[in-house]
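Here is the file start-v2.cif (mmCIF, N, CA and C atoms).
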data_start
#
loop_
_atom_site.label_atom_id
_atom_site.label_comp_id
_atom_site.auth_asym_id
_atom_site.auth_seq_id
_atom_site.Cartn_x
_atom_site.Cartn_y
_atom_site.Cartn_z
N MET A 636 30.19 -24.57 -28.17
CA MET A 636 29.83 -25.30 -26.97
C MET A 636 28.42 -25.87 -27.16
N SER A 637 28.23 -27.09 -26.78
CA SER A 637 26.92 -27.71 -26.94
C SER A 637 26.02 -27.35 -25.76
N ARG A 638 24.74 -27.51 -25.99
CA ARG A 638 23.75 -27.18 -24.97
C ARG A 638 23.83 -28.17 -23.82
N MET A 639 23.66 -27.67 -22.61
CA MET A 639 23.63 -28.53 -21.42
C MET A 639 22.19 -28.82 -21.06
N TRP A 640 21.97 -29.98 -20.44
CA TRP A 640 20.64 -30.44 -20.08
C TRP A 640 20.60 -30.88 -18.63
N GLN A 641 19.49 -30.58 -17.96
CA GLN A 641 19.21 -31.15 -16.65
C GLN A 641 18.43 -32.43 -16.93
N VAL A 642 18.97 -33.54 -16.46
CA VAL A 642 18.36 -34.84 -16.73
C VAL A 642 17.80 -35.42 -15.43
N PHE A 643 16.55 -35.86 -15.49
CA PHE A 643 15.94 -36.64 -14.43
C PHE A 643 15.66 -38.00 -15.05
N SER A 644 16.06 -39.05 -14.37
CA SER A 644 15.96 -40.37 -14.96
C SER A 644 15.32 -41.37 -14.01
N GLY A 645 14.41 -42.13 -14.55
CA GLY A 645 13.85 -43.27 -13.85
C GLY A 645 14.63 -44.50 -14.28
N PRO A 646 14.22 -45.65 -13.85
CA PRO A 646 14.92 -46.88 -14.21
C PRO A 646 14.71 -47.21 -15.70
N ASP A 647 15.68 -47.92 -16.27
CA ASP A 647 15.57 -48.35 -17.66
C ASP A 647 14.31 -49.17 -17.89
N ALA A 648 13.81 -49.84 -16.84
CA ALA A 648 12.60 -50.66 -16.97
C ALA A 648 11.40 -49.84 -17.45
N LEU A 649 11.44 -48.52 -17.28
CA LEU A 649 10.33 -47.69 -17.76
C LEU A 649 10.22 -47.69 -19.28
N GLU A 650 11.31 -48.04 -19.94
CA GLU A 650 11.28 -48.11 -21.41
C GLU A 650 10.23 -49.12 -21.88
N ASP A 651 9.98 -50.13 -21.07
CA ASP A 651 9.05 -51.19 -21.45
C ASP A 651 7.67 -51.07 -20.82
N VAL A 652 7.45 -50.00 -20.04
CA VAL A 652 6.15 -49.80 -19.39
C VAL A 652 5.29 -48.93 -20.28
N PRO A 653 4.09 -49.38 -20.63
CA PRO A 653 3.23 -48.56 -21.49
C PRO A 653 3.05 -47.15 -20.93
N ASP A 654 3.05 -46.18 -21.81
CA ASP A 654 2.99 -44.79 -21.42
C ASP A 654 1.75 -44.08 -21.96
N GLU A 655 0.73 -44.84 -22.33
CA GLU A 655 -0.54 -44.30 -22.81
C GLU A 655 -0.37 -43.23 -23.88
N GLY A 656 0.67 -43.31 -24.67
CA GLY A 656 0.88 -42.36 -25.76
C GLY A 656 1.25 -40.96 -25.33
N TYR A 657 1.70 -40.78 -24.08
CA TYR A 657 2.06 -39.45 -23.59
C TYR A 657 3.19 -38.88 -24.44
N ALA A 658 3.07 -37.62 -24.81
CA ALA A 658 4.11 -36.97 -25.61
C ALA A 658 4.43 -35.59 -25.04
N SER A 659 5.70 -35.27 -24.99
CA SER A 659 6.18 -33.98 -24.51
C SER A 659 7.56 -33.77 -25.12
N PRO A 660 7.91 -32.53 -25.41
CA PRO A 660 9.26 -32.28 -25.94
C PRO A 660 10.38 -32.63 -24.97
N TRP A 661 10.04 -32.75 -23.68
CA TRP A 661 11.07 -32.97 -22.66
C TRP A 661 11.04 -34.38 -22.09
N SER A 662 9.99 -35.13 -22.36
CA SER A 662 9.81 -36.44 -21.74
C SER A 662 10.11 -37.57 -22.70
N TYR A 663 10.75 -38.57 -22.15
CA TYR A 663 11.03 -39.83 -22.83
C TYR A 663 10.55 -40.91 -21.88
N PRO A 664 10.41 -42.15 -22.31
CA PRO A 664 9.85 -43.16 -21.40
C PRO A 664 10.54 -43.23 -20.03
N SER A 665 11.86 -43.07 -19.99
CA SER A 665 12.53 -43.20 -18.70
C SER A 665 13.29 -41.95 -18.28
N GLN A 666 13.11 -40.83 -19.00
CA GLN A 666 13.84 -39.61 -18.65
C GLN A 666 13.02 -38.36 -18.94
N VAL A 667 13.40 -37.29 -18.26
CA VAL A 667 12.97 -35.94 -18.60
C VAL A 667 14.27 -35.15 -18.78
N ARG A 668 14.37 -34.47 -19.92
CA ARG A 668 15.57 -33.68 -20.25
C ARG A 668 15.13 -32.24 -20.48
N ILE A 669 15.60 -31.35 -19.62
CA ILE A 669 15.21 -29.95 -19.68
C ILE A 669 16.45 -29.13 -20.05
N PRO A 670 16.33 -28.22 -21.03
CA PRO A 670 17.48 -27.36 -21.33
C PRO A 670 17.93 -26.64 -20.06
N MET A 671 19.22 -26.65 -19.80
CA MET A 671 19.76 -26.14 -18.54
C MET A 671 19.36 -24.70 -18.27
N GLU A 672 19.32 -23.86 -19.30
CA GLU A 672 18.96 -22.47 -19.06
C GLU A 672 17.52 -22.35 -18.56
N HIS A 673 16.65 -23.26 -18.95
CA HIS A 673 15.27 -23.23 -18.47
C HIS A 673 15.18 -23.80 -17.05
N TRP A 674 15.97 -24.83 -16.76
CA TRP A 674 15.99 -25.35 -15.39
C TRP A 674 16.52 -24.28 -14.44
N GLN A 675 17.56 -23.54 -14.85
CA GLN A 675 18.10 -22.47 -14.01
C GLN A 675 17.07 -21.36 -13.81
N ALA A 676 16.27 -21.07 -14.84
CA ALA A 676 15.21 -20.07 -14.70
C ALA A 676 14.15 -20.54 -13.70
N ILE A 677 13.85 -21.83 -13.72
CA ILE A 677 12.89 -22.39 -12.76
C ILE A 677 13.45 -22.29 -11.33
N ILE A 678 14.73 -22.60 -11.16
CA ILE A 678 15.36 -22.48 -9.84
C ILE A 678 15.34 -21.03 -9.37
N ALA A 679 15.62 -20.09 -10.27
CA ALA A 679 15.60 -18.66 -9.91
C ALA A 679 14.18 -18.25 -9.49
N PHE A 680 13.18 -18.77 -10.19
CA PHE A 680 11.79 -18.48 -9.81
C PHE A 680 11.51 -19.03 -8.41
N ALA A 681 11.94 -20.25 -8.15
CA ALA A 681 11.75 -20.84 -6.82
C ALA A 681 12.48 -20.01 -5.77
N GLN A 682 13.67 -19.55 -6.07
CA GLN A 682 14.46 -18.73 -5.14
C GLN A 682 13.71 -17.44 -4.80
N SER A 683 13.02 -16.87 -5.78
CA SER A 683 12.28 -15.63 -5.54
C SER A 683 11.09 -15.86 -4.60
N ARG A 684 10.65 -17.10 -4.51
CA ARG A 684 9.52 -17.45 -3.63
C ARG A 684 10.00 -17.89 -2.25
N ASP A 685 11.07 -18.73 -2.24
CA ASP A 685 11.50 -19.34 -0.97
C ASP A 685 12.86 -20.00 -1.19
N ALA A 686 13.83 -19.59 -0.41
CA ALA A 686 15.19 -20.13 -0.55
C ALA A 686 15.22 -21.64 -0.32
N ALA A 687 14.39 -22.15 0.58
CA ALA A 687 14.37 -23.59 0.85
C ALA A 687 13.85 -24.36 -0.36
N GLU A 688 12.87 -23.79 -1.08
CA GLU A 688 12.38 -24.43 -2.30
C GLU A 688 13.50 -24.55 -3.33
N ALA A 689 14.22 -23.45 -3.52
CA ALA A 689 15.32 -23.46 -4.49
C ALA A 689 16.41 -24.44 -4.07
N ALA A 690 16.70 -24.50 -2.79
CA ALA A 690 17.73 -25.42 -2.30
C ALA A 690 17.33 -26.87 -2.57
N LEU A 691 16.05 -27.19 -2.40
CA LEU A 691 15.60 -28.56 -2.69
C LEU A 691 15.73 -28.86 -4.18
N LEU A 692 15.35 -27.93 -5.04
CA LEU A 692 15.52 -28.14 -6.49
C LEU A 692 16.99 -28.37 -6.83
N GLU A 693 17.86 -27.54 -6.28
CA GLU A 693 19.29 -27.70 -6.56
C GLU A 693 19.81 -29.03 -6.06
N ARG A 694 19.39 -29.43 -4.87
CA ARG A 694 19.84 -30.72 -4.31
C ARG A 694 19.41 -31.88 -5.19
N VAL A 695 18.18 -31.85 -5.64
CA VAL A 695 17.66 -32.97 -6.43
C VAL A 695 18.20 -32.92 -7.86
N SER A 696 18.81 -31.83 -8.27
CA SER A 696 19.38 -31.73 -9.61
C SER A 696 20.60 -32.63 -9.80
N PHE A 697 21.25 -33.00 -8.72
CA PHE A 697 22.52 -33.74 -8.82
C PHE A 697 22.52 -34.95 -7.89
N LEU A 698 21.57 -35.83 -8.06
CA LEU A 698 21.53 -37.02 -7.21
C LEU A 698 22.68 -37.97 -7.52
N ASP A 699 23.04 -38.08 -8.78
CA ASP A 699 24.16 -38.93 -9.22
C ASP A 699 24.17 -40.29 -8.53
N GLY A 700 23.02 -40.96 -8.52
CA GLY A 700 22.94 -42.31 -8.00
C GLY A 700 22.59 -42.41 -6.53
N THR A 701 22.52 -41.28 -5.83
CA THR A 701 22.14 -41.29 -4.42
C THR A 701 20.64 -41.05 -4.33
N PRO A 702 19.86 -42.06 -3.97
CA PRO A 702 18.41 -41.89 -3.95
C PRO A 702 17.95 -40.93 -2.86
N LEU A 703 16.85 -40.25 -3.15
CA LEU A 703 16.20 -39.41 -2.14
C LEU A 703 15.53 -40.31 -1.11
N ASP A 704 15.51 -39.87 0.14
CA ASP A 704 14.71 -40.61 1.11
C ASP A 704 13.24 -40.32 0.80
N ALA A 705 12.36 -41.15 1.32
CA ALA A 705 10.93 -41.06 1.00
C ALA A 705 10.35 -39.69 1.33
N ALA A 706 10.73 -39.12 2.46
CA ALA A 706 10.19 -37.82 2.86
C ALA A 706 10.64 -36.71 1.90
N ALA A 707 11.90 -36.73 1.50
CA ALA A 707 12.41 -35.72 0.56
C ALA A 707 11.75 -35.87 -0.80
N GLU A 708 11.50 -37.10 -1.20
CA GLU A 708 10.84 -37.34 -2.49
C GLU A 708 9.41 -36.78 -2.46
N VAL A 709 8.70 -36.97 -1.36
CA VAL A 709 7.35 -36.43 -1.23
C VAL A 709 7.39 -34.90 -1.25
N ARG A 710 8.35 -34.29 -0.54
CA ARG A 710 8.49 -32.82 -0.55
C ARG A 710 8.79 -32.32 -1.96
N PHE A 711 9.68 -33.03 -2.67
CA PHE A 711 10.05 -32.62 -4.02
C PHE A 711 8.85 -32.72 -4.95
N LEU A 712 8.11 -33.79 -4.87
CA LEU A 712 6.92 -33.96 -5.70
C LEU A 712 5.90 -32.86 -5.42
N SER A 713 5.68 -32.55 -4.17
CA SER A 713 4.75 -31.48 -3.79
C SER A 713 5.24 -30.14 -4.31
N LEU A 714 6.54 -29.89 -4.21
CA LEU A 714 7.12 -28.64 -4.70
C LEU A 714 6.94 -28.52 -6.21
N LEU A 715 7.17 -29.59 -6.94
CA LEU A 715 6.99 -29.55 -8.39
C LEU A 715 5.56 -29.15 -8.75
N GLU A 716 4.61 -29.74 -8.05
CA GLU A 716 3.21 -29.44 -8.33
C GLU A 716 2.87 -27.99 -7.95
N THR A 717 3.38 -27.51 -6.83
CA THR A 717 3.15 -26.14 -6.40
C THR A 717 3.76 -25.15 -7.38
N LEU A 718 5.01 -25.39 -7.78
CA LEU A 718 5.68 -24.48 -8.72
C LEU A 718 5.00 -24.50 -10.08
N ALA A 719 4.55 -25.66 -10.53
CA ALA A 719 3.89 -25.75 -11.84
C ALA A 719 2.65 -24.86 -11.87
N GLN A 720 1.93 -24.82 -10.77
CA GLN A 720 0.75 -23.95 -10.70
C GLN A 720 1.15 -22.48 -10.58
N ALA A 721 2.14 -22.19 -9.75
CA ALA A 721 2.54 -20.81 -9.48
C ALA A 721 3.19 -20.14 -10.69
N VAL A 722 3.95 -20.88 -11.46
CA VAL A 722 4.70 -20.29 -12.56
C VAL A 722 3.78 -19.79 -13.68
N VAL A 723 2.63 -20.39 -13.83
CA VAL A 723 1.73 -20.00 -14.92
C VAL A 723 1.33 -18.53 -14.79
N GLY A 724 1.10 -18.05 -13.57
CA GLY A 724 0.68 -16.66 -13.37
C GLY A 724 1.83 -15.69 -13.12
N ALA A 725 3.05 -16.17 -13.18
CA ALA A 725 4.21 -15.33 -12.87
C ALA A 725 4.67 -14.55 -14.10
N ASP A 726 5.53 -13.57 -13.85
CA ASP A 726 6.18 -12.87 -14.95
C ASP A 726 6.97 -13.91 -15.75
N PRO A 727 7.17 -13.68 -17.06
CA PRO A 727 7.88 -14.67 -17.88
C PRO A 727 9.26 -15.01 -17.30
N LEU A 728 9.53 -16.32 -17.20
CA LEU A 728 10.84 -16.76 -16.70
C LEU A 728 11.92 -16.55 -17.76
N THR A 729 11.54 -16.69 -19.01
CA THR A 729 12.48 -16.48 -20.12
C THR A 729 11.81 -15.56 -21.13
N PRO A 730 11.81 -14.25 -20.85
CA PRO A 730 11.07 -13.32 -21.71
C PRO A 730 11.69 -13.20 -23.11
N GLU A 731 10.83 -12.87 -24.06
CA GLU A 731 11.31 -12.57 -25.41
C GLU A 731 12.30 -11.42 -25.31
N GLY A 732 13.29 -11.41 -26.18
CA GLY A 732 14.25 -10.33 -26.19
C GLY A 732 15.47 -10.58 -25.32
N VAL A 733 15.49 -11.71 -24.60
CA VAL A 733 16.69 -12.06 -23.81
C VAL A 733 17.80 -12.42 -24.78
N ASP A 734 19.01 -12.10 -24.41
CA ASP A 734 20.18 -12.42 -25.23
C ASP A 734 20.15 -13.90 -25.63
N PRO A 735 20.14 -14.19 -26.95
CA PRO A 735 20.09 -15.59 -27.39
C PRO A 735 21.30 -16.42 -26.95
N ALA A 736 22.39 -15.77 -26.56
CA ALA A 736 23.53 -16.53 -26.04
C ALA A 736 23.22 -17.06 -24.65
N VAL A 737 22.28 -16.42 -23.95
CA VAL A 737 21.91 -16.84 -22.61
C VAL A 737 20.70 -17.78 -22.67
N ILE A 738 19.67 -17.37 -23.39
CA ILE A 738 18.45 -18.17 -23.56
C ILE A 738 18.21 -18.29 -25.06
N PRO A 739 18.68 -19.38 -25.69
CA PRO A 739 18.55 -19.49 -27.14
C PRO A 739 17.10 -19.56 -27.64
N GLU A 740 16.21 -20.08 -26.82
CA GLU A 740 14.81 -20.14 -27.22
C GLU A 740 13.91 -19.87 -26.02
N PRO A 741 13.50 -18.60 -25.86
CA PRO A 741 12.58 -18.29 -24.77
C PRO A 741 11.30 -19.11 -24.92
N MET A 742 10.72 -19.47 -23.79
CA MET A 742 9.48 -20.26 -23.80
C MET A 742 8.48 -19.61 -22.86
N PRO A 743 7.20 -19.81 -23.13
CA PRO A 743 6.19 -19.29 -22.21
C PRO A 743 6.22 -20.07 -20.90
N ASN A 744 5.70 -19.46 -19.87
CA ASN A 744 5.68 -20.12 -18.56
C ASN A 744 4.86 -21.40 -18.57
N THR A 745 3.91 -21.52 -19.48
CA THR A 745 3.17 -22.78 -19.57
C THR A 745 4.11 -23.93 -19.94
N SER A 746 5.15 -23.64 -20.70
CA SER A 746 6.14 -24.69 -21.01
C SER A 746 6.93 -25.06 -19.77
N HIS A 747 7.26 -24.08 -18.93
CA HIS A 747 7.97 -24.39 -17.69
C HIS A 747 7.08 -25.21 -16.76
N ALA A 748 5.80 -24.88 -16.72
CA ALA A 748 4.86 -25.68 -15.92
C ALA A 748 4.81 -27.11 -16.45
N ALA A 749 4.83 -27.27 -17.76
CA ALA A 749 4.81 -28.61 -18.35
C ALA A 749 6.09 -29.38 -18.01
N MET A 750 7.22 -28.70 -18.00
CA MET A 750 8.48 -29.35 -17.63
C MET A 750 8.39 -29.89 -16.20
N LEU A 751 7.90 -29.04 -15.29
CA LEU A 751 7.75 -29.47 -13.89
C LEU A 751 6.78 -30.63 -13.78
N GLY A 752 5.70 -30.56 -14.54
CA GLY A 752 4.73 -31.66 -14.55
C GLY A 752 5.33 -32.94 -15.09
N ASP A 753 6.20 -32.83 -16.09
CA ASP A 753 6.85 -34.02 -16.64
C ASP A 753 7.75 -34.69 -15.60
N ILE A 754 8.46 -33.89 -14.80
CA ILE A 754 9.30 -34.47 -13.74
C ILE A 754 8.42 -35.19 -12.72
N ALA A 755 7.33 -34.53 -12.31
CA ALA A 755 6.41 -35.15 -11.34
C ALA A 755 5.86 -36.46 -11.90
N ARG A 756 5.50 -36.46 -13.16
CA ARG A 756 4.97 -37.67 -13.81
C ARG A 756 6.01 -38.79 -13.80
N LEU A 757 7.27 -38.44 -14.10
CA LEU A 757 8.35 -39.43 -14.08
C LEU A 757 8.53 -40.01 -12.69
N ILE A 758 8.46 -39.16 -11.67
CA ILE A 758 8.59 -39.66 -10.29
C ILE A 758 7.47 -40.65 -9.99
N GLN A 759 6.26 -40.30 -10.38
CA GLN A 759 5.13 -41.19 -10.11
C GLN A 759 5.29 -42.52 -10.85
N ARG A 760 5.75 -42.49 -12.09
CA ARG A 760 5.96 -43.73 -12.84
C ARG A 760 7.09 -44.56 -12.21
N THR A 761 8.13 -43.89 -11.73
CA THR A 761 9.26 -44.57 -11.10
C THR A 761 8.82 -45.20 -9.77
N ARG A 762 8.05 -44.46 -8.99
CA ARG A 762 7.56 -44.97 -7.70
C ARG A 762 6.66 -46.18 -7.90
N ALA A 763 5.90 -46.20 -9.00
CA ALA A 763 5.01 -47.33 -9.27
C ALA A 763 5.80 -48.63 -9.43
N LEU A 764 7.08 -48.51 -9.81
CA LEU A 764 7.94 -49.69 -9.92
C LEU A 764 8.71 -49.95 -8.62
N GLY A 765 8.48 -49.10 -7.62
CA GLY A 765 9.17 -49.26 -6.34
C GLY A 765 10.63 -48.83 -6.39
N LEU A 766 10.95 -47.93 -7.33
CA LEU A 766 12.34 -47.51 -7.51
C LEU A 766 12.48 -46.01 -7.30
N SER A 767 13.70 -45.52 -7.41
CA SER A 767 14.00 -44.12 -7.12
C SER A 767 14.44 -43.37 -8.37
N LEU A 768 14.21 -42.08 -8.32
CA LEU A 768 14.62 -41.15 -9.36
C LEU A 768 16.12 -40.90 -9.25
N ASP A 769 16.76 -40.61 -10.38
CA ASP A 769 18.14 -40.18 -10.40
C ASP A 769 18.20 -38.87 -11.19
N SER A 770 19.28 -38.13 -11.09
CA SER A 770 19.42 -36.89 -11.84
C SER A 770 20.88 -36.53 -12.00
N TRP A 771 21.14 -35.77 -13.06
CA TRP A 771 22.49 -35.28 -13.35
C TRP A 771 22.42 -34.22 -14.44
N VAL A 772 23.53 -33.57 -14.70
CA VAL A 772 23.65 -32.62 -15.79
C VAL A 772 24.39 -33.30 -16.92
N ASP A 773 23.86 -33.14 -18.10
CA ASP A 773 24.46 -33.76 -19.29
C ASP A 773 24.87 -32.67 -20.25
#
This structure in C-alpha cells:
Amino acid sequence: MSRMWQVFSGPDALEDVPDEGYASPWSYPSQVRIPMEHWQAIIAFAQSRDAAEAALLERVSFLDGTPLDAAAEVRFLSLLETLAQAVVGADPLTPEGVDPAVIPEPMPNTSHAAMLGDIARLIQRTRALGLSLDSWVD
C-alpha cells in the first residue's frame, strides 16, 4: 500500500509567483503535502486541547473544491499559528519507537510546527491572489 498524503492546494497560478527561495520538505509552490500519519497526529494533538480545534482541522482537510468562508479561513489560519507554537513544547506527537507500520518515520515536534507553518504560508500566498485554499487526501 502506498503512503497517503494530506494535500492543501492553492491555485495553479502560484507556480508562477516568486517564492523567495523558500524550501521545505512539505511545501511546493502551490501545495503543501503532509504524510497522512503526521496530519492525523496533529489532529490528535488538537483534539487533546480542544474538540472544536480538531473538528476545524478535520473539516478543512476535505474541502474538495468547496471554499471556506472568510471567517472560517481566518479561524483556521489562527488555529494553525496557535498549534504551531503549542506543539513545540508538547510531548512528541510521533515518538521514536512507534511501530513503523503506523509511523514509518517519526519526526520531532518542530517538524510538525513547520508543517503547520507551511499551510499557513500557503493560505497567505493564496489570499494574496484573492483566491481560496483547497484540500483533499491523496
Fill in: Picked residues, the PyMOL selection byres ((chain A and resi 743-752) around 7), expected as a ChimeraX atom specification
/A:661,715-716,718-720,722-723,726-729,741-742,753-757
Expected file: the selected residues, N, CA and C atoms, as a PDB file, in the coordinates of the input:
ATOM      1  N   TRP A 661      10.040 -32.750 -23.680  1.00  0.00           N
ATOM      2  CA  TRP A 661      11.070 -32.970 -22.660  1.00  0.00           C
ATOM      3  C   TRP A 661      11.040 -34.380 -22.090  1.00  0.00           C
ATOM      4  N   LEU A 715       7.170 -29.590  -6.940  1.00  0.00           N
ATOM      5  CA  LEU A 715       6.990 -29.550  -8.390  1.00  0.00           C
ATOM      6  C   LEU A 715       5.560 -29.150  -8.750  1.00  0.00           C
ATOM      7  N   GLU A 716       4.610 -29.740  -8.050  1.00  0.00           N
ATOM      8  CA  GLU A 716       3.210 -29.440  -8.330  1.00  0.00           C
ATOM      9  C   GLU A 716       2.870 -27.990  -7.950  1.00  0.00           C
ATOM     10  N   LEU A 718       5.010 -25.390  -7.780  1.00  0.00           N
ATOM     11  CA  LEU A 718       5.680 -24.480  -8.720  1.00  0.00           C
ATOM     12  C   LEU A 718       5.000 -24.500 -10.080  1.00  0.00           C
ATOM     13  N   ALA A 719       4.550 -25.660 -10.530  1.00  0.00           N
ATOM     14  CA  ALA A 719       3.890 -25.750 -11.840  1.00  0.00           C
ATOM     15  C   ALA A 719       2.650 -24.860 -11.870  1.00  0.00           C
ATOM     16  N   GLN A 720       1.930 -24.820 -10.770  1.00  0.00           N
ATOM     17  CA  GLN A 720       0.750 -23.950 -10.700  1.00  0.00           C
ATOM     18  C   GLN A 720       1.150 -22.480 -10.580  1.00  0.00           C
ATOM     19  N   VAL A 722       3.950 -20.880 -11.460  1.00  0.00           N
ATOM     20  CA  VAL A 722       4.700 -20.290 -12.560  1.00  0.00           C
ATOM     21  C   VAL A 722       3.780 -19.790 -13.680  1.00  0.00           C
ATOM     22  N   VAL A 723       2.630 -20.390 -13.830  1.00  0.00           N
ATOM     23  CA  VAL A 723       1.730 -20.000 -14.920  1.00  0.00           C
ATOM     24  C   VAL A 723       1.330 -18.530 -14.790  1.00  0.00           C
ATOM     25  N   ASP A 726       5.530 -13.570 -13.850  1.00  0.00           N
ATOM     26  CA  ASP A 726       6.180 -12.870 -14.950  1.00  0.00           C
ATOM     27  C   ASP A 726       6.970 -13.910 -15.750  1.00  0.00           C
ATOM     28  N   PRO A 727       7.170 -13.680 -17.060  1.00  0.00           N
ATOM     29  CA  PRO A 727       7.880 -14.670 -17.880  1.00  0.00           C
ATOM     30  C   PRO A 727       9.260 -15.010 -17.300  1.00  0.00           C
ATOM     31  N   LEU A 728       9.530 -16.320 -17.200  1.00  0.00           N
ATOM     32  CA  LEU A 728      10.840 -16.760 -16.700  1.00  0.00           C
ATOM     33  C   LEU A 728      11.920 -16.550 -17.760  1.00  0.00           C
ATOM     34  N   THR A 729      11.540 -16.690 -19.010  1.00  0.00           N
ATOM     35  CA  THR A 729      12.480 -16.480 -20.120  1.00  0.00           C
ATOM     36  C   THR A 729      11.810 -15.560 -21.130  1.00  0.00           C
ATOM     37  N   PRO A 741      13.500 -18.600 -25.860  1.00  0.00           N
ATOM     38  CA  PRO A 741      12.580 -18.290 -24.770  1.00  0.00           C
ATOM     39  C   PRO A 741      11.300 -19.110 -24.920  1.00  0.00           C
ATOM     40  N   MET A 742      10.720 -19.470 -23.790  1.00  0.00           N
ATOM     41  CA  MET A 742       9.480 -20.260 -23.800  1.00  0.00           C
ATOM     42  C   MET A 742       8.480 -19.610 -22.860  1.00  0.00           C
ATOM     43  N   ASP A 753       6.200 -32.830 -16.090  1.00  0.00           N
ATOM     44  CA  ASP A 753       6.850 -34.020 -16.640  1.00  0.00           C
ATOM     45  C   ASP A 753       7.750 -34.690 -15.600  1.00  0.00           C
ATOM     46  N   ILE A 754       8.460 -33.890 -14.800  1.00  0.00           N
ATOM     47  CA  ILE A 754       9.300 -34.470 -13.740  1.00  0.00           C
ATOM     48  C   ILE A 754       8.420 -35.190 -12.720  1.00  0.00           C
ATOM     49  N   ALA A 755       7.330 -34.530 -12.310  1.00  0.00           N
ATOM     50  CA  ALA A 755       6.410 -35.150 -11.340  1.00  0.00           C
ATOM     51  C   ALA A 755       5.860 -36.460 -11.900  1.00  0.00           C
ATOM     52  N   ARG A 756       5.500 -36.460 -13.160  1.00  0.00           N
ATOM     53  CA  ARG A 756       4.970 -37.670 -13.810  1.00  0.00           C
ATOM     54  C   ARG A 756       6.010 -38.790 -13.800  1.00  0.00           C
ATOM     55  N   LEU A 757       7.270 -38.440 -14.100  1.00  0.00           N
ATOM     56  CA  LEU A 757       8.350 -39.430 -14.080  1.00  0.00           C
ATOM     57  C   LEU A 757       8.530 -40.010 -12.690  1.00  0.00           C
TER      58      LEU A 757
END
Discussion item. Once the PyMOL selection byres ((chain A and resi 682-698) around 8) is applied to the coordinates I shared, what remains selected? I want it as a list in words.
Written reply: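 Listing what the PyMOL selection byres ((chain A and resi 682-698) around 8) selects in the shown file: Gln641, Val642, Phe643, Ala676, Ile677, Ile678, Ala679, Phe680, Ala681, Asp699, Gly700, Thr701, Pro702, Leu703, Arg710, Phe711, Leu714, Leu768, Asp769, Ser770, Trp771 and Val772 of chain A.
Using the PyMOL selection byres ((chain A and resi 671) around 5) on this structure selects A:Met639, A:Trp640, A:Gln641, A:Ile669, A:Pro670, A:Glu672, A:His673, A:Trp674, A:Gln675.
From CA of Ser659 in chain A back to CA of Glu740 in chain A, the distance works out to 16.5 Å.
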Worksheet item: How would you write, as a PyMOL selection string, the set of residues in chain A that DSSP gives as helix (DSSP H, G or I)?
Response: chain A and resi 647-651+671-684+686-696+705-723+744-763
Worksheet item: What is the atom N of Gly656 in chain A-CA of Arg668 in chain A distance in Å, reported with one decimal?
Response: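 Here the two named atoms are 18.3 Å from each other.
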Worksheet item: CA of Val709 in chain A to CA of Ser665 in chain A: how many Å, to one decimal?
Response: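 The value is 19.4 Å.
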Fill in: Residues of range 638-708 of chain A in strand (DSSP E or B), written as a ChimeraX atom specification
/A:640-644,662-663,666-670
Worksheet item: Nearest to Ser644 in chain A among A:Ala706, A:Asp734, A:Thr761, A:Asp773, with distances taken over all atoms listed in the file: which residue is it?
Response: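 Ranking A:Ala706, A:Asp734, A:Thr761, A:Asp773 by distance to Ser644 in chain A, first place goes to A:Thr761.
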Discussion item. I need the residue nearest Val667 in chain A from this list: A:Leu712, A:Ala763, A:Gly645, A:Glu650. Use all atoms listed in the file for the distance.
Written reply: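 Among the listed residues, the smallest separation from Val667 in chain A belongs to A:Gly645.
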